[in-house]
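Visitor: One structure is given below, represented as structure tokens, and several questions about it will come after.
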Amino acid sequence: MTTRVTPPPATFQLRCEFCLERVGVPAGPTDDPHPCASCGKPVRLDRPRKVSAEDFEATVLGSPVPVIVDFYADWCGPCKWLHPVLDEVAGSVTGRVLVVKVDVDRAPELATRYRIGSIPTVLLFRGGEEIERSIGVEPERVRAMAGLMRD
Ligand SMILES: [Zn+2]
């Protein structure tokens with residue numbers, strides 16, 4: 001007798017920006033936004049998603065794929081230079097790498113936990129562990145985190 005173990009479904013746990021419910025969204029490459037299970041509006045993965053301290057564990061640490069986390073603040077000028085890069089990366093690796101943003105003013109406990117000394121700081125997580133860190137504006141490094149190489 002053997003028992004077949006079914007792996008848990010590979011899903012992202014994301015907060016719908018419209019109805020604010022947490023919904024499961026299938027991971028994997030896709031061109032079409034998945035509809036929110038609660039309100040039906042699209043949950044888009046092709047742009048960076050804002051993540052709160054409350055959702056960090058489920059969305060980032062529990063992600064089935066690598067996650068790029070941008071720690072930023074609205075008043076931070078250099079952070080804005082990095083935003084187009086993160087938009088580009090999110091659009092290029094949709095569903096294969098998750099790109100999220102954490103506002104350090106709204107999540108100071110996360111900034112402390114991950115020893116964010118200056119912003120922008122971009123972390124790469126895989127399997128719930130930080131595996132790489134980019135401090136300052138390093139577009140090539142951030143692209144490389146997502147597996148994107150410049151030719
Ligand atoms: Zn919704």
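As shown in the structure tokens, the chain order sets the letters A, B, ...; within each chain, residues go from 1, and ligands are also counted from 1 in the order they appear.
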According to DSSP computed on the backbone, where in region 42-138 of chain A is there alpha helix (DSSP H)? Give the residues as a CSV table (one decimal) with N, CA and C atoms, in the first residue's frame.
Guide:
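Once everything was written out, this is states34.csv:
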```csv
chain,number,residue,atom,x,y,z
A,53,ALA,N,2.3,44.5,5.4
A,53,ALA,CA,3.0,43.6,6.4
A,53,ALA,C,2.1,42.4,6.7
A,54,GLU,N,0.8,42.6,6.7
A,54,GLU,CA,-0.2,41.5,7.1
A,54,GLU,C,-0.1,40.4,6.0
A,55,ASP,N,0.1,40.8,4.7
A,55,ASP,CA,0.1,39.8,3.7
A,55,ASP,C,1.4,39.2,3.3
A,56,PHE,N,2.5,39.8,3.9
A,56,PHE,CA,3.9,39.5,3.4
A,56,PHE,C,4.1,38.0,3.5
A,77,GLY,N,13.2,59.8,-3.9
A,77,GLY,CA,13.4,60.1,-5.3
A,77,GLY,C,14.1,58.9,-6.1
A,78,PRO,N,15.2,58.4,-5.6
A,78,PRO,CA,15.8,57.3,-6.3
A,78,PRO,C,14.9,56.0,-6.5
A,79,CYS,N,14.0,55.9,-5.5
A,79,CYS,CA,13.0,54.7,-5.7
A,79,CYS,C,12.2,54.9,-7.0
A,80,LYS,N,11.9,56.1,-7.3
A,80,LYS,CA,11.1,56.3,-8.5
A,80,LYS,C,11.9,55.9,-9.8
A,81,TRP,N,13.2,56.1,-9.7
A,81,TRP,CA,14.0,55.7,-10.9
A,81,TRP,C,13.9,54.2,-11.1
A,82,LEU,N,13.7,53.5,-10.1
A,82,LEU,CA,13.7,52.0,-10.2
A,82,LEU,C,12.3,51.5,-10.6
A,83,HIS,N,11.2,52.3,-10.4
A,83,HIS,CA,9.9,51.8,-10.7
A,83,HIS,C,9.7,51.4,-12.2
A,84,PRO,N,10.2,52.1,-13.2
A,84,PRO,CA,10.0,51.6,-14.5
A,84,PRO,C,10.7,50.3,-14.8
A,85,VAL,N,11.8,50.1,-14.1
A,85,VAL,CA,12.5,48.8,-14.2
A,85,VAL,C,11.7,47.7,-13.7
A,86,LEU,N,11.1,47.9,-12.5
A,86,LEU,CA,10.2,46.9,-11.9
A,86,LEU,C,9.0,46.6,-12.7
A,87,ASP,N,8.4,47.7,-13.3
A,87,ASP,CA,7.3,47.5,-14.2
A,87,ASP,C,7.7,46.6,-15.4
A,88,GLU,N,8.8,46.9,-16.0
A,88,GLU,CA,9.3,46.1,-17.1
A,88,GLU,C,9.6,44.7,-16.7
A,89,VAL,N,10.2,44.5,-15.6
A,89,VAL,CA,10.5,43.1,-15.1
A,89,VAL,C,9.2,42.3,-14.9
A,90,ALA,N,8.2,43.0,-14.2
A,90,ALA,CA,6.9,42.3,-13.9
A,90,ALA,C,6.2,41.9,-15.2
A,91,GLY,N,6.3,42.8,-16.2
A,91,GLY,CA,5.7,42.5,-17.5
A,91,GLY,C,6.4,41.4,-18.3
A,92,SER,N,7.7,41.2,-18.0
A,92,SER,CA,8.5,40.2,-18.8
A,92,SER,C,8.4,38.8,-18.2
A,108,PRO,N,6.9,49.3,8.8
A,108,PRO,CA,8.2,49.5,9.4
A,108,PRO,C,8.7,48.2,10.0
A,109,GLU,N,7.8,47.3,10.4
A,109,GLU,CA,8.3,46.1,11.1
A,109,GLU,C,9.0,45.2,10.0
A,110,LEU,N,8.5,45.3,8.8
A,110,LEU,CA,9.2,44.5,7.7
A,110,LEU,C,10.6,45.1,7.4
A,111,ALA,N,10.6,46.4,7.4
A,111,ALA,CA,11.9,47.1,7.1
A,111,ALA,C,12.9,46.7,8.2
A,112,THR,N,12.4,46.6,9.5
A,112,THR,CA,13.3,46.2,10.6
A,112,THR,C,13.7,44.8,10.5
A,113,ARG,N,12.7,43.9,10.2
A,113,ARG,CA,13.0,42.5,10.2
A,113,ARG,C,14.0,42.1,9.1
```
Visitor: Kindly work out which residues sit at most 7 Å from ligand 1, using only C-alpha atoms and all ligand atoms, and give the list as a list in words.
Guide: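 Checking only C-alpha atoms and all ligand atoms against ligand 1 at 7 Å gives Cys16, Glu17, Phe18, Cys19, Leu20, Glu21, Cys36, Ala37, Ser38, Cys39, Gly40 and Lys41 of chain A.
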Visitor: Return as a ChimeraX atom specification the full set of residues in chain A whose backbone-based DSSP assignment is strand (DSSP E).
Guide: /A:11-15,22-26,34-35,42-43,49-50,67-72,98-103,121-126,129-135
Visitor: For the selection you just gave me, I'd like the residues written to a file as a tab-separated table (two decimals), in the first residue's frame, keeping N, CA and C atoms.
Guide:
```tsv
chain	number	residue	atom	x	y	z
A	11	THR	N	-0.18	28.16	-6.12
A	11	THR	CA	-0.98	29.38	-6.24
A	11	THR	C	-0.32	30.53	-5.50
A	12	PHE	N	-0.57	31.71	-6.01
A	12	PHE	CA	-0.20	32.93	-5.29
A	12	PHE	C	-1.34	33.31	-4.37
A	13	GLN	N	-1.01	33.76	-3.18
A	13	GLN	CA	-2.02	34.33	-2.28
A	13	GLN	C	-1.90	35.84	-2.39
A	14	LEU	N	-2.86	36.44	-3.04
A	14	LEU	CA	-2.78	37.87	-3.33
A	14	LEU	C	-4.01	38.60	-2.82
A	15	ARG	N	-3.82	39.85	-2.47
A	15	ARG	CA	-4.92	40.69	-2.02
A	15	ARG	C	-5.52	41.39	-3.25
A	22	ARG	N	-8.42	38.26	0.10
A	22	ARG	CA	-7.23	37.52	-0.31
A	22	ARG	C	-7.68	36.35	-1.18
A	23	VAL	N	-7.10	36.25	-2.35
A	23	VAL	CA	-7.53	35.23	-3.31
A	23	VAL	C	-6.34	34.41	-3.78
A	24	GLY	N	-6.61	33.17	-4.14
A	24	GLY	CA	-5.59	32.31	-4.72
A	24	GLY	C	-5.59	32.47	-6.22
A	25	VAL	N	-4.40	32.68	-6.77
A	25	VAL	CA	-4.27	32.87	-8.20
A	25	VAL	C	-3.25	31.85	-8.70
A	26	PRO	N	-3.61	31.06	-9.73
A	26	PRO	CA	-2.67	30.04	-10.20
A	26	PRO	C	-1.35	30.66	-10.65
A	34	HIS	N	-5.97	36.64	-14.11
A	34	HIS	CA	-6.92	35.71	-13.50
A	34	HIS	C	-8.02	36.53	-12.83
A	35	PRO	N	-9.30	36.14	-12.99
A	35	PRO	CA	-10.35	36.90	-12.30
A	35	PRO	C	-10.36	36.61	-10.80
A	42	PRO	N	-10.03	41.62	-12.59
A	42	PRO	CA	-8.75	40.95	-12.87
A	42	PRO	C	-7.70	41.18	-11.78
A	43	VAL	N	-7.00	40.10	-11.43
A	43	VAL	CA	-5.87	40.19	-10.51
A	43	VAL	C	-4.62	40.11	-11.37
A	49	ARG	N	2.88	44.40	-7.52
A	49	ARG	CA	1.73	44.46	-6.63
A	49	ARG	C	2.18	44.95	-5.26
A	50	LYS	N	1.37	45.83	-4.67
A	50	LYS	CA	1.69	46.31	-3.32
A	50	LYS	C	1.35	45.23	-2.31
A	67	VAL	N	10.27	35.64	-5.68
A	67	VAL	CA	9.60	36.94	-5.52
A	67	VAL	C	10.65	38.04	-5.41
A	68	ILE	N	10.48	39.08	-6.20
A	68	ILE	CA	11.30	40.27	-6.11
A	68	ILE	C	10.53	41.30	-5.29
A	69	VAL	N	11.12	41.77	-4.19
A	69	VAL	CA	10.44	42.70	-3.29
A	69	VAL	C	11.17	44.04	-3.30
A	70	ASP	N	10.48	45.07	-3.71
A	70	ASP	CA	11.03	46.42	-3.73
A	70	ASP	C	10.61	47.15	-2.46
A	71	PHE	N	11.55	47.46	-1.60
A	71	PHE	CA	11.27	48.28	-0.41
A	71	PHE	C	11.47	49.74	-0.82
A	72	TYR	N	10.42	50.54	-0.68
A	72	TYR	CA	10.45	51.91	-1.20
A	72	TYR	C	9.62	52.81	-0.28
A	98	LEU	N	7.26	36.69	-9.16
A	98	LEU	CA	6.31	37.67	-8.65
A	98	LEU	C	7.08	38.93	-8.28
A	99	VAL	N	6.56	40.09	-8.66
A	99	VAL	CA	7.20	41.36	-8.34
A	99	VAL	C	6.26	42.15	-7.44
A	100	VAL	N	6.75	42.48	-6.24
A	100	VAL	CA	5.90	43.20	-5.28
A	100	VAL	C	6.65	44.40	-4.71
A	101	LYS	N	5.87	45.33	-4.14
A	101	LYS	CA	6.42	46.53	-3.53
A	101	LYS	C	5.95	46.64	-2.10
A	102	VAL	N	6.87	47.01	-1.23
A	102	VAL	CA	6.54	47.23	0.18
A	102	VAL	C	6.87	48.67	0.52
A	103	ASP	N	5.87	49.43	0.95
A	103	ASP	CA	6.04	50.81	1.40
A	103	ASP	C	6.58	50.77	2.84
A	121	THR	N	15.80	49.34	-1.65
A	121	THR	CA	16.48	48.05	-1.50
A	121	THR	C	15.56	46.99	-2.09
A	122	VAL	N	16.13	46.14	-2.91
A	122	VAL	CA	15.34	45.10	-3.58
A	122	VAL	C	15.86	43.74	-3.12
A	123	LEU	N	14.95	42.91	-2.61
A	123	LEU	CA	15.33	41.57	-2.16
A	123	LEU	C	14.72	40.53	-3.10
A	124	LEU	N	15.46	39.45	-3.27
A	124	LEU	CA	14.93	38.30	-4.00
A	124	LEU	C	14.70	37.17	-3.01
A	125	PHE	N	13.47	36.66	-2.98
A	125	PHE	CA	13.12	35.54	-2.11
A	125	PHE	C	12.85	34.30	-2.95
A	126	ARG	N	13.28	33.15	-2.42
A	126	ARG	CA	12.90	31.88	-3.03
A	126	ARG	C	12.64	30.91	-1.89
A	129	GLU	N	13.00	32.27	1.66
A	129	GLU	CA	14.30	32.76	2.14
A	129	GLU	C	14.82	33.87	1.24
A	130	GLU	N	15.44	34.86	1.87
A	130	GLU	CA	16.12	35.88	1.07
A	130	GLU	C	17.37	35.26	0.47
A	131	ILE	N	17.54	35.36	-0.83
A	131	ILE	CA	18.73	34.79	-1.45
A	131	ILE	C	19.58	35.85	-2.15
A	132	GLU	N	19.05	37.05	-2.32
A	132	GLU	CA	19.86	38.09	-2.94
A	132	GLU	C	19.31	39.45	-2.55
A	133	ARG	N	20.19	40.45	-2.58
A	133	ARG	CA	19.81	41.78	-2.16
A	133	ARG	C	20.50	42.80	-3.04
A	134	SER	N	19.77	43.81	-3.49
A	134	SER	CA	20.32	44.92	-4.26
A	134	SER	C	20.01	46.20	-3.52
A	135	ILE	N	21.05	46.97	-3.20
A	135	ILE	CA	20.85	48.21	-2.46
A	135	ILE	C	21.12	49.38	-3.40
```
Visitor: Compare A:Thr94, A:Ser52, A:Thr2, A:Ser118 by their minimum atom-to-atom distance to Gly136 (chain A), counting only C-alpha atoms, and give me the closest one.
Guide: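 Result for the nearest residue to Gly136 (chain A): A:Ser118.
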